[in-house]
Structure formats: C-alpha cells, structure tokens
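Visitor: Structure: entry-v9.csv, CSV, C-alpha atoms and all ligand atoms.
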chain,number,residue,atom,x,y,z
A,15,MET,CA,4.2,9.4,39.3
A,16,GLU,CA,5.5,12.7,40.6
A,17,LEU,CA,9.1,11.2,40.8
A,18,LEU,CA,8.9,9.9,37.3
A,19,ARG,CA,7.8,13.3,36.1
A,20,ARG,CA,10.8,15.0,37.9
A,21,LEU,CA,13.2,12.4,36.6
A,22,SER,CA,12.0,12.6,33.1
A,23,ASN,CA,12.0,16.4,32.9
A,24,ALA,CA,15.5,16.9,34.3
A,25,PRO,CA,18.0,17.4,31.5
A,26,GLY,CA,20.9,14.9,31.5
A,27,VAL,CA,22.5,14.6,28.1
A,28,ALA,CA,25.4,12.0,28.1
A,29,GLY,CA,28.4,13.5,29.9
A,30,TYR,CA,26.3,16.2,31.5
A,31,GLU,CA,24.0,14.2,33.8
A,32,LYS,CA,24.4,16.2,37.0
A,33,ALA,CA,20.9,17.8,37.2
A,34,ALA,CA,19.2,14.4,36.7
A,35,GLN,CA,21.6,12.6,39.0
A,36,THR,CA,20.7,15.1,41.7
A,37,VAL,CA,17.1,13.9,41.6
A,38,VAL,CA,18.2,10.3,42.0
A,39,ARG,CA,20.6,11.2,44.9
A,40,GLU,CA,17.8,12.9,46.8
A,41,GLU,CA,15.5,9.9,46.4
A,42,LEU,CA,18.0,7.3,47.4
A,43,ALA,CA,19.6,9.2,50.3
A,44,GLU,CA,16.9,8.1,52.8
A,45,CYS,CA,17.0,4.4,52.2
A,46,ALA,CA,20.6,3.6,51.2
A,47,ASP,CA,23.1,2.3,53.8
A,48,GLU,CA,25.9,3.9,51.8
A,49,MET,CA,26.0,6.1,48.8
A,50,TRP,CA,28.8,7.7,46.7
A,51,THR,CA,29.5,9.1,43.3
A,52,ASP,CA,32.5,7.9,41.3
A,53,ARG,CA,34.9,9.9,39.2
A,54,LEU,CA,32.8,9.5,36.0
A,55,GLY,CA,29.6,10.6,37.8
A,56,ASN,CA,28.0,7.2,38.4
A,57,LEU,CA,25.8,7.3,41.5
A,58,ILE,CA,26.1,4.2,43.6
A,59,ALA,CA,23.8,3.3,46.5
A,60,VAL,CA,24.1,0.2,48.7
A,61,LYS,CA,21.6,-1.7,50.7
A,62,ARG,CA,23.3,-4.3,52.9
A,63,ARG,CA,22.0,-7.8,53.3
A,64,THR,CA,19.3,-8.3,55.9
A,65,THR,CA,20.0,-12.0,56.5
A,66,LYS,CA,22.3,-12.7,59.5
A,67,ASP,CA,26.0,-12.5,59.1
A,68,THR,CA,27.5,-15.9,58.3
A,69,GLY,CA,31.0,-14.7,58.7
A,70,GLU,CA,31.4,-15.0,54.9
A,71,PRO,CA,31.6,-11.7,52.9
A,72,ALA,CA,28.2,-10.8,51.4
A,73,ARG,CA,27.6,-11.6,47.8
A,74,ARG,CA,26.8,-8.6,45.5
A,75,LEU,CA,23.9,-7.9,43.2
A,76,LEU,CA,24.2,-4.9,40.9
A,77,TYR,CA,21.2,-3.1,39.5
A,78,ALA,CA,22.2,-0.7,36.7
A,79,ALA,CA,20.0,1.9,34.9
A,80,HIS,CA,21.4,4.7,32.9
A,81,ILE,CA,20.5,8.3,33.7
A,82,ASP,CA,21.9,9.9,30.5
A,83,GLU,CA,19.7,10.7,27.5
A,84,ILE,CA,20.6,11.5,23.9
A,85,GLY,CA,21.1,15.2,22.9
A,86,PHE,CA,23.3,17.4,21.0
A,87,MET,CA,26.3,19.7,21.2
A,88,VAL,CA,26.6,23.1,19.3
A,89,SER,CA,29.2,22.8,16.6
A,90,HIS,CA,28.8,26.1,14.8
A,91,VAL,CA,27.0,29.4,15.1
A,92,ASP,CA,26.5,31.2,11.8
A,93,GLU,CA,26.5,35.0,11.5
A,94,ARG,CA,22.7,35.2,11.7
A,95,GLY,CA,22.7,33.2,14.9
A,96,PHE,CA,21.5,29.8,13.5
A,97,LEU,CA,23.1,27.0,15.5
A,98,TYR,CA,24.4,23.8,13.9
A,99,PHE,CA,25.0,20.8,16.1
A,100,GLN,CA,26.4,17.3,16.4
A,101,PRO,CA,24.5,14.4,18.0
A,102,VAL,CA,25.5,13.0,21.3
A,103,GLY,CA,24.1,9.5,21.0
A,104,GLY,CA,22.0,7.8,18.3
A,105,PHE,CA,19.4,9.9,16.6
A,106,ASP,CA,17.1,9.2,13.7
A,107,ALA,CA,17.3,12.4,11.6
A,108,ARG,CA,13.6,11.9,10.5
A,109,THR,CA,12.4,12.6,14.0
A,110,LEU,CA,14.2,15.9,14.5
A,111,PRO,CA,12.7,18.8,12.4
A,112,SER,CA,10.1,20.7,14.5
A,113,GLN,CA,11.5,19.5,17.8
A,114,ARG,CA,11.7,22.0,20.7
A,115,VAL,CA,15.2,22.2,22.2
A,116,THR,CA,16.9,23.9,25.1
A,117,ILE,CA,20.5,25.2,24.7
A,118,HIS,CA,22.5,25.1,27.9
A,119,ALA,CA,24.5,28.3,27.2
A,120,THR,CA,27.8,28.9,28.9
A,121,LYS,CA,29.1,32.2,27.5
A,122,GLY,CA,28.9,35.1,30.0
A,123,GLY,CA,27.4,32.9,32.7
A,124,HIS,CA,25.3,29.8,32.6
A,125,GLY,CA,21.7,29.9,31.4
A,126,THR,CA,19.3,28.4,29.0
A,127,ILE,CA,18.0,29.6,25.6
A,128,GLU,CA,15.0,28.0,24.0
A,129,GLY,CA,14.9,27.1,20.3
A,130,VAL,CA,13.4,24.8,17.7
A,131,ILE,CA,15.1,22.6,15.1
A,132,ALA,CA,13.9,24.3,12.0
A,133,PRO,CA,11.6,22.4,9.7
A,134,GLN,CA,12.1,23.3,6.0
A,135,PRO,CA,9.1,25.4,4.9
A,136,ARG,CA,7.0,23.7,2.3
A,137,TRP,CA,7.1,26.7,-0.1
A,138,LEU,CA,10.9,26.5,-0.1
A,139,ALA,CA,11.1,22.8,-0.7
A,140,THR,CA,11.9,21.3,-4.1
A,141,ASP,CA,10.4,18.0,-5.3
A,142,GLU,CA,13.7,16.4,-4.4
A,143,ASP,CA,13.6,17.9,-0.9
A,144,LEU,CA,10.1,16.4,-0.3
A,145,SER,CA,11.4,12.9,-0.8
A,146,ARG,CA,14.6,13.0,1.2
A,147,VAL,CA,15.5,13.1,4.9
A,148,ILE,CA,17.5,16.1,5.8
A,149,PRO,CA,20.8,14.8,7.4
A,150,ILE,CA,21.6,16.0,10.9
A,151,ASP,CA,24.6,18.0,9.8
A,152,GLU,CA,22.3,20.2,7.6
A,153,LEU,CA,19.7,20.8,10.3
A,154,PHE,CA,19.9,23.9,12.4
A,155,ILE,CA,18.4,25.4,15.6
A,156,ASP,CA,16.5,28.7,15.4
A,157,THR,CA,16.2,30.7,18.6
A,158,GLY,CA,14.6,33.7,16.8
A,159,LEU,CA,17.2,35.9,18.4
A,160,ALA,CA,19.5,38.3,16.6
A,161,GLY,CA,22.9,36.9,15.5
A,162,GLU,CA,24.9,39.0,18.0
A,163,LYS,CA,22.7,38.0,20.9
A,164,VAL,CA,23.3,34.3,20.2
A,165,HIS,CA,27.0,34.9,19.7
A,166,ASP,CA,27.1,36.7,23.1
A,167,ARG,CA,25.7,33.7,24.9
A,168,VAL,CA,26.6,30.4,23.1
A,169,ASN,CA,29.9,28.7,23.0
A,170,ILE,CA,31.0,25.9,20.6
A,171,GLY,CA,30.4,22.8,22.7
A,172,ASP,CA,27.3,24.0,24.6
A,173,VAL,CA,25.0,21.1,25.2
A,174,VAL,CA,21.5,21.0,23.7
A,175,SER,CA,18.7,18.9,25.2
A,176,LEU,CA,15.3,18.0,23.8
A,177,SER,CA,12.6,20.0,25.7
A,178,LYS,CA,9.6,17.7,25.5
A,179,GLN,CA,8.1,17.2,29.0
A,180,PHE,CA,6.6,14.2,30.7
A,181,GLU,CA,2.9,13.7,30.1
A,182,VAL,CA,0.2,11.3,31.2
A,183,LEU,CA,-1.3,10.5,27.8
A,184,ASN,CA,-4.3,8.3,28.7
A,185,GLY,CA,-5.0,6.4,31.9
A,186,ASN,CA,-2.0,4.2,32.5
A,187,VAL,CA,-0.2,5.3,29.4
A,188,VAL,CA,2.6,7.9,29.7
A,189,THR,CA,4.9,9.6,27.2
A,190,GLY,CA,8.2,11.5,27.4
A,191,ARG,CA,11.4,12.2,25.5
A,192,ASN,CA,13.8,10.0,27.5
A,193,PHE,CA,12.0,6.9,28.8
A,194,ASP,CA,15.1,5.2,27.6
A,195,ASP,CA,16.2,5.1,30.3
A,196,ARG,CA,14.5,7.3,32.9
A,197,ILE,CA,11.8,4.7,33.2
A,198,GLY,CA,14.6,2.3,34.1
A,199,VAL,CA,16.1,4.6,36.7
A,200,TYR,CA,12.6,5.2,38.1
A,201,CYS,CA,12.0,1.4,38.4
A,202,MET,CA,15.4,0.9,40.1
A,203,VAL,CA,14.9,3.8,42.6
A,204,GLU,CA,11.3,2.6,43.5
A,205,ALA,CA,12.4,-1.0,43.8
A,206,PHE,CA,15.4,-0.1,46.0
A,207,LYS,CA,13.1,1.7,48.4
A,208,ARG,CA,10.9,-1.3,48.6
A,209,ILE,CA,13.5,-4.0,49.2
A,210,GLU,CA,12.8,-5.5,52.6
A,211,HIS,CA,14.6,-8.8,52.7
A,212,THR,CA,17.8,-9.4,50.9
A,213,GLY,CA,20.4,-12.2,51.2
A,214,VAL,CA,22.9,-10.2,49.2
A,215,ASP,CA,24.2,-6.6,49.2
A,216,VAL,CA,22.3,-4.7,46.6
A,217,PHE,CA,24.0,-1.9,44.7
A,218,ALA,CA,21.8,0.4,42.7
A,219,VAL,CA,23.9,2.3,40.1
A,220,SER,CA,22.5,5.2,38.2
A,221,THR,CA,25.0,5.1,35.3
A,222,VAL,CA,26.3,7.8,33.0
A,223,GLN,CA,27.2,7.8,29.3
A,224,GLU,CA,25.4,4.6,28.3
A,225,GLU,CA,24.0,6.2,25.1
A,226,VAL,CA,27.4,6.9,23.7
A,227,GLY,CA,28.6,3.3,24.0
A,228,THR,CA,28.3,2.1,27.7
A,229,ARG,CA,31.2,4.3,28.7
A,230,GLY,CA,30.1,5.0,32.3
A,231,ILE,CA,29.4,1.5,33.7
A,232,PRO,CA,33.0,0.0,33.5
A,233,THR,CA,34.3,2.0,36.5
A,234,ALA,CA,31.3,1.1,38.7
A,235,ALA,CA,31.5,-2.5,37.7
A,236,HIS,CA,35.2,-2.5,38.6
A,237,ALA,CA,34.5,-0.9,42.0
A,238,ILE,CA,31.6,-3.3,42.9
A,239,GLU,CA,32.9,-6.6,41.5
A,240,ALA,CA,29.3,-7.9,41.4
A,241,ASP,CA,28.4,-11.6,41.3
A,242,LEU,CA,25.0,-10.9,39.7
A,243,CYS,CA,23.8,-8.0,37.6
A,244,VAL,CA,20.4,-7.0,36.3
A,245,ALA,CA,20.4,-3.9,34.1
A,246,ILE,CA,17.1,-2.1,33.8
A,247,ASP,CA,16.4,-0.6,30.3
A,248,GLY,CA,13.5,-0.5,27.9
A,249,SER,CA,12.2,-3.7,26.2
A,250,LEU,CA,11.5,-3.5,22.5
A,251,PRO,CA,7.8,-4.0,21.7
A,252,ALA,CA,7.2,-4.6,18.0
A,253,ASP,CA,3.4,-4.2,18.6
A,254,THR,CA,2.5,-1.4,16.2
A,255,PRO,CA,1.6,-1.4,12.4
A,256,PHE,CA,5.3,-0.5,11.7
A,257,ALA,CA,6.3,-4.1,12.5
A,258,LYS,CA,5.4,-7.3,10.8
A,259,PRO,CA,3.6,-9.7,13.1
A,260,HIS,CA,6.5,-12.1,13.2
A,261,ARG,CA,8.8,-9.5,14.8
A,262,GLU,CA,6.6,-9.3,17.9
A,263,GLN,CA,8.0,-10.7,21.2
A,264,CYS,CA,6.6,-8.4,23.8
A,265,ARG,CA,3.7,-5.9,23.9
A,266,MET,CA,3.2,-2.7,25.8
A,267,GLY,CA,0.9,-3.5,28.6
A,268,GLY,CA,1.9,-7.2,28.7
A,269,GLY,CA,4.2,-7.0,31.7
A,270,THR,CA,7.9,-6.4,32.3
A,271,GLY,CA,10.3,-7.7,29.6
A,272,ILE,CA,13.1,-10.1,30.5
A,273,TYR,CA,16.0,-10.1,28.1
A,274,ILE,CA,17.0,-13.6,27.1
A,275,MET,CA,19.6,-12.3,24.7
A,276,ASP,CA,20.6,-9.0,23.2
A,277,LYS,CA,23.2,-7.9,20.6
A,278,ARG,CA,26.0,-8.0,23.2
A,279,THR,CA,24.9,-10.5,25.9
A,280,ILE,CA,23.4,-13.9,26.3
A,281,GLY,CA,21.5,-13.8,29.5
A,282,ASP,CA,22.6,-16.3,32.2
A,283,PRO,CA,20.1,-19.2,32.0
A,284,GLU,CA,20.0,-19.7,35.8
A,285,LEU,CA,19.5,-16.0,36.4
A,286,LEU,CA,16.7,-16.0,33.9
A,287,GLU,CA,15.0,-19.0,35.6
A,288,ALA,CA,15.2,-17.2,38.9
A,289,LEU,CA,13.6,-14.1,37.5
A,290,TYR,CA,10.8,-16.1,35.9
A,291,ALA,CA,10.3,-17.9,39.2
A,292,THR,CA,10.1,-14.7,41.1
A,293,CYS,CA,7.5,-13.4,38.7
A,294,GLN,CA,5.4,-16.6,38.9
A,295,GLU,CA,5.6,-16.7,42.7
A,296,LYS,CA,4.6,-13.0,43.1
A,297,GLY,CA,2.0,-13.0,40.3
A,298,ILE,CA,4.1,-10.4,38.3
A,299,PRO,CA,3.3,-10.3,34.6
A,300,TYR,CA,6.4,-10.8,32.5
A,301,GLN,CA,7.4,-11.4,28.8
A,302,ARG,CA,10.4,-13.0,27.2
A,303,GLN,CA,12.2,-10.9,24.7
A,304,LEU,CA,15.4,-10.3,22.7
A,305,GLY,CA,16.8,-6.8,23.2
A,306,GLY,CA,19.3,-4.3,21.8
A,307,GLY,CA,22.3,-3.9,24.1
A,308,THR,CA,22.7,-2.5,27.7
A,309,ASP,CA,25.1,-1.9,30.6
A,310,ALA,CA,24.7,-5.6,31.5
A,311,SER,CA,27.2,-6.6,28.8
A,312,ILE,CA,30.0,-4.7,30.5
A,313,VAL,CA,29.3,-6.1,33.9
A,314,GLN,CA,29.2,-9.6,32.5
A,315,ARG,CA,32.8,-9.3,31.3
A,316,SER,CA,34.4,-7.1,33.9
A,317,GLY,CA,36.8,-8.4,36.5
A,318,LEU,CA,35.9,-12.0,37.3
A,319,GLY,CA,32.6,-11.7,35.5
A,320,ALA,CA,29.0,-12.0,36.7
A,321,LYS,CA,25.7,-13.6,35.8
A,322,VAL,CA,23.8,-10.9,34.0
A,323,THR,CA,20.7,-10.0,32.1
A,324,THR,CA,18.4,-7.0,31.6
A,325,VAL,CA,14.7,-6.3,32.4
A,326,GLY,CA,12.5,-3.4,31.6
A,327,ALA,CA,9.1,-2.1,30.6
A,328,PRO,CA,8.3,-2.3,26.9
A,329,THR,CA,9.0,1.2,25.5
A,330,ARG,CA,7.5,2.2,22.1
A,331,TYR,CA,9.3,4.8,19.9
A,332,MET,CA,12.7,4.7,21.6
A,333,HIS,CA,15.0,7.5,20.8
A,334,SER,CA,12.1,9.7,19.7
A,335,THR,CA,10.5,12.5,21.9
A,336,VAL,CA,7.3,10.6,22.1
A,337,GLN,CA,8.5,7.4,23.9
A,338,MET,CA,5.5,5.6,25.3
A,339,CYS,CA,5.1,3.2,28.3
A,340,ASP,CA,2.3,1.6,30.2
A,341,MET,CA,2.6,2.2,34.0
A,342,ARG,CA,1.4,-1.4,34.7
A,343,ASP,CA,4.6,-2.7,33.0
A,344,VAL,CA,6.6,-0.2,35.1
A,345,GLU,CA,4.9,-1.5,38.2
A,346,ALA,CA,5.7,-5.1,37.2
A,347,THR,CA,9.3,-4.2,36.7
A,348,ILE,CA,9.5,-2.5,40.2
A,349,ALA,CA,7.8,-5.5,41.8
A,350,LEU,CA,10.3,-7.9,40.2
A,351,LEU,CA,13.3,-5.9,41.2
A,352,ALA,CA,12.1,-5.4,44.8
A,353,ALA,CA,11.4,-9.1,45.3
A,354,PHE,CA,14.4,-10.7,43.5
A,355,PRO,CA,17.1,-9.9,46.1
A,356,GLU,CA,15.5,-12.2,48.6
A,357,ARG,CA,16.4,-15.3,46.5
A,358,ALA,CA,19.4,-13.9,44.6
A,359,ALA,CA,22.0,-15.5,47.0
A,360,GLU,CA,20.7,-19.0,45.9
A,361,LEU,CA,22.1,-18.4,42.5
A,362,ILE,CA,25.7,-18.2,43.7
A,363,PRO,CA,27.6,-21.5,44.1
A,364,ALA,CA,29.5,-21.8,47.4
A,365,ASP,CA,32.7,-22.5,45.5
A,366,TRP,CA,32.6,-19.3,43.5
A,367,ARG,CA,35.6,-17.2,44.1
B,1,ZN,ZN,18.9,2.6,27.2
Would you mind writing the file out in structure tokens?

Guide:
Amino acid sequence: MELLRRLSNAPGVAGYEKAAQTVVREELAECADEMWTDRLGNLIAVKRRTTKDTGEPARRLLYAAHIDEIGFMVSHVDERGFLYFQPVGGFDARTLPSQRVTIHATKGGHGTIEGVIAPQPRWLATDEDLSRVIPIDELFIDTGLAGEKVHDRVNIGDVVSLSKQFEVLNGNVVTGRNFDDRIGVYCMVEAFKRIEHTGVDVFAVSTVQEEVGTRGIPTAAHAIEADLCVAIDGSLPADTPFAKPHREQCRMGGGTGIYIMDKRTIGDPELLEALYATCQEKGIPYQRQLGGGTDASIVQRSGLGAKVTTVGAPTRYMHSTVQMCDMRDVEATIALLAAFPERAAELIPADWR
C-alpha cells in the first residue's frame, strides 16, 4: 500500500501532473521494455509480447489510467491577501468550505503555501445564507498571512491542490482525495509489473488532463494505434443511503467493476465477454456496471478505432476529498489486468487491418 500512499499524496492537478508522473515513472522503469513521455506529458510504458514472433507485427493492447486530479487556479488576490480561484475540473461547491489546500506559489521562486477554503462563520450567516450553497466564485482561500506576504509570493494562475492525505480508514478500507483516478493508476502499475505472459504488446499509459475533458489521451492513442483498450477508472457504487435501491449496480467490496456502457462509450461485447471469462477462470470477483465517461471513449474512435471498455474498483464519493475504496476491489482489478493480456490476442480477427 506504500506505493498507493505515495501516488495519492503527490500533487497532480490537471496540466501540472509532473510530480505525480515522476512516481509512476520510477515504478515502471524496472519492468518496462520501453518507456517515453509524449509532448503533453502522457507517460507511456511498453511490455512486448512474450509469445514467439510469428513474423506478423504484434497486436497492441492499451491500458489507460489518468494521473491528473481536480484542483484550482488562483484568479485574484485581494488587498488583504485572500485568494479567489477558478476550478480545474468538476467540483461540487458543497464539498469545498473547510477544505485544506496547498498553493503552489511561483512568485520569487517556487514553494508551497498552506491554506484553508474559508467556511462562513455561523455568527455572520443570515437565514438565507444557511439555506444556500456558496458558489465557487464567492469562496476564498485564507492563508492567515498578511496581504503583502501573499502578494509577494502568489501569481495569478498559481495552481492550488487539495491537501488531504491518503489514509487507511479501517482494515481493507482506504480514503483519499483523488482515488479518481490514482487508484486506477495504482492498479495499472501493479498489474503491469505482474504481467508474465502476453500475446500482445501491452502499453500502460498514465494519461494527463482527463478531468478537464479527456484532453491528454488523444496524442497517446494516435501514437500507439491500439487494437484493444481497457481504461482503468473508478466504478460508481450507488450503495449508500444517498441512492435509491434501484440505482445500485455495483457495491464497494463486491469486486472490480466492468463498464458495459458509459455516457460516451458502449463497451465492445466481445471484449466484455473476454474480461468476464478471465475473471471466472481466475476466480476474480467482478460486477457489471454502467459508468460515467473515461479515456476509453477517445481510444475507441481514434485512428482506425479499437475495441474498448473501462474497469475499476468501485469508488464512493468521487470528486470529494474523502473518496473511499476497498482494497479487495483494488486487488481484483489488478488481477484482471495482469491476467487479461494472455488471452487478448484471441479477440483480434486475422483480417483486421
Ligand atoms: Zn476519472
């Protein structure tokens, strides 16, 4: 779990993923046959097929998990040093007051300043205030520092990340601010290390800028021209009192989630069958589910196209700072990703160009 802790704690707001990407690079360096970073910052590691060379070029399986997390950018510093910000990625304003944040300050050298997103004090709130959600553009960050100090250090456009650190909550259950999609990256890295037999070249891509609209994956998809793609991202468990029972498809603790469809992709039926078969054969718990939208949608439609879907551990409270996963689901996801490359080549018809 030490790697998951390091991955989750490294800041990597969309567009500024370097620190987190460094952790991935160090991990993959030892087991990749080749590795490079593209112009957008996607990290691409390759494991070549282990079956004997047939003279035909190897088919390609792309695993994609996004390293970026949602965060903010400073948009204004007032004269007293309170910082206003714009979101980078999709936030729910209700979750923000009282959060601890880190400002990645760039004025007069790089360094960090710690702060909180100020909660409105009860004694200053009107009746109307008590019943409304404060919109993001009215929220501000308080560092407690004097105005001039903040002005000396912070530039407009400085990146702000959420500070919440990884924790083991209880037994198998873990919590962190960015399990969407650091858990996915963790699963991909661990699986990549474990792949022993593969009939295809496996490309593990730690993608950038997914949270701002899958902006990173297109260049990697173009470079790799995959035949098959499995994105790894959180599955959506509707297994708490917030959801009506009829919304439930998968549960935390019930195994890895396999996306049959999401808002941007219909999973390839043959690929889905092969994933189910891999789980059944290896005794890996899995659940069918309908998801949100991932990097897989881009790979499906790039170049000549690919058979795609997404898998991932059910993740409660996505896009909050208390995202929650069960490590047994994480392990199931890793086991599936490690085993699948062995049978992946069977999915590709001989007459595919
Ligand atoms: Zn995600």

Visitor: Give me the residues near Ile117 in chain A as a compact mmCIF listing (two decimals) with C-alpha atoms, keeping the file's coordinate frame, where near means some atom within 9 Å (using all atoms listed in the file) and where sequence neighbours in that chain fewer than 2 positions away do not count.

Guide:
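Everything below was put into out24.txt:
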# COMPACT_ATOMS: atom_id res chain seq x y z
CA MET A 87 26.30 19.70 21.20
CA VAL A 88 26.60 23.10 19.30
CA VAL A 115 15.20 22.20 22.20
CA ALA A 119 24.50 28.30 27.20
CA GLY A 125 21.70 29.90 31.40
CA THR A 126 19.30 28.40 29.00
CA ILE A 127 18.00 29.60 25.60
CA GLU A 128 15.00 28.00 24.00
CA GLY A 129 14.90 27.10 20.30
CA VAL A 168 26.60 30.40 23.10
CA ASP A 172 27.30 24.00 24.60
CA VAL A 173 25.00 21.10 25.20
CA VAL A 174 21.50 21.00 23.70
CA SER A 175 18.70 18.90 25.20
CA LEU A 176 15.30 18.00 23.80

Visitor: Go ahead and compute the interatomic distance for CA of Val222 in chain A and CA of Asp82 in chain A, in Å to one decimal.

Guide: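 Answer for the CA of Val222 in chain A to CA of Asp82 in chain A separation: 5.5 Å.
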
Visitor: Please indicate the distance in Å from CA of His118 in chain A to CA of Arg196 in chain A, rounded to one decimal place.

Guide: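 CA of Arg196 in chain A lies 20.1 Å from CA of His118 in chain A.
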
Visitor: I need the residue nearest ligand ZN 1 (chain B) from this list: A:Pro283, A:Gly198, A:Pro259, A:Gly269. Use only C-alpha atoms and all ligand atoms for the distance.

Guide: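 When distances to ligand ZN 1 (chain B) are compared using only C-alpha atoms and all ligand atoms, the smallest one comes from A:Gly198.
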
Visitor: Please identify every residue of chain A that has at least one atom no farther than 6 Å from an atom of ligand ZN 1 (chain B), counting only C-alpha atoms and all ligand atoms, and for each give the shortest atom pair and the distance in Å to one decimal, arranged by chain then increasing number, as a Markdown table.

Guide:
| residue | atom | partner | partner_atom | distance |
| --- | --- | --- | --- | --- |
| A:Asp194 | CA | B:ZN1 | ZN | 4.6 |
| A:Asp195 | CA | B:ZN1 | ZN | 4.8 |
| A:Asp247 | CA | B:ZN1 | ZN | 5.1 |
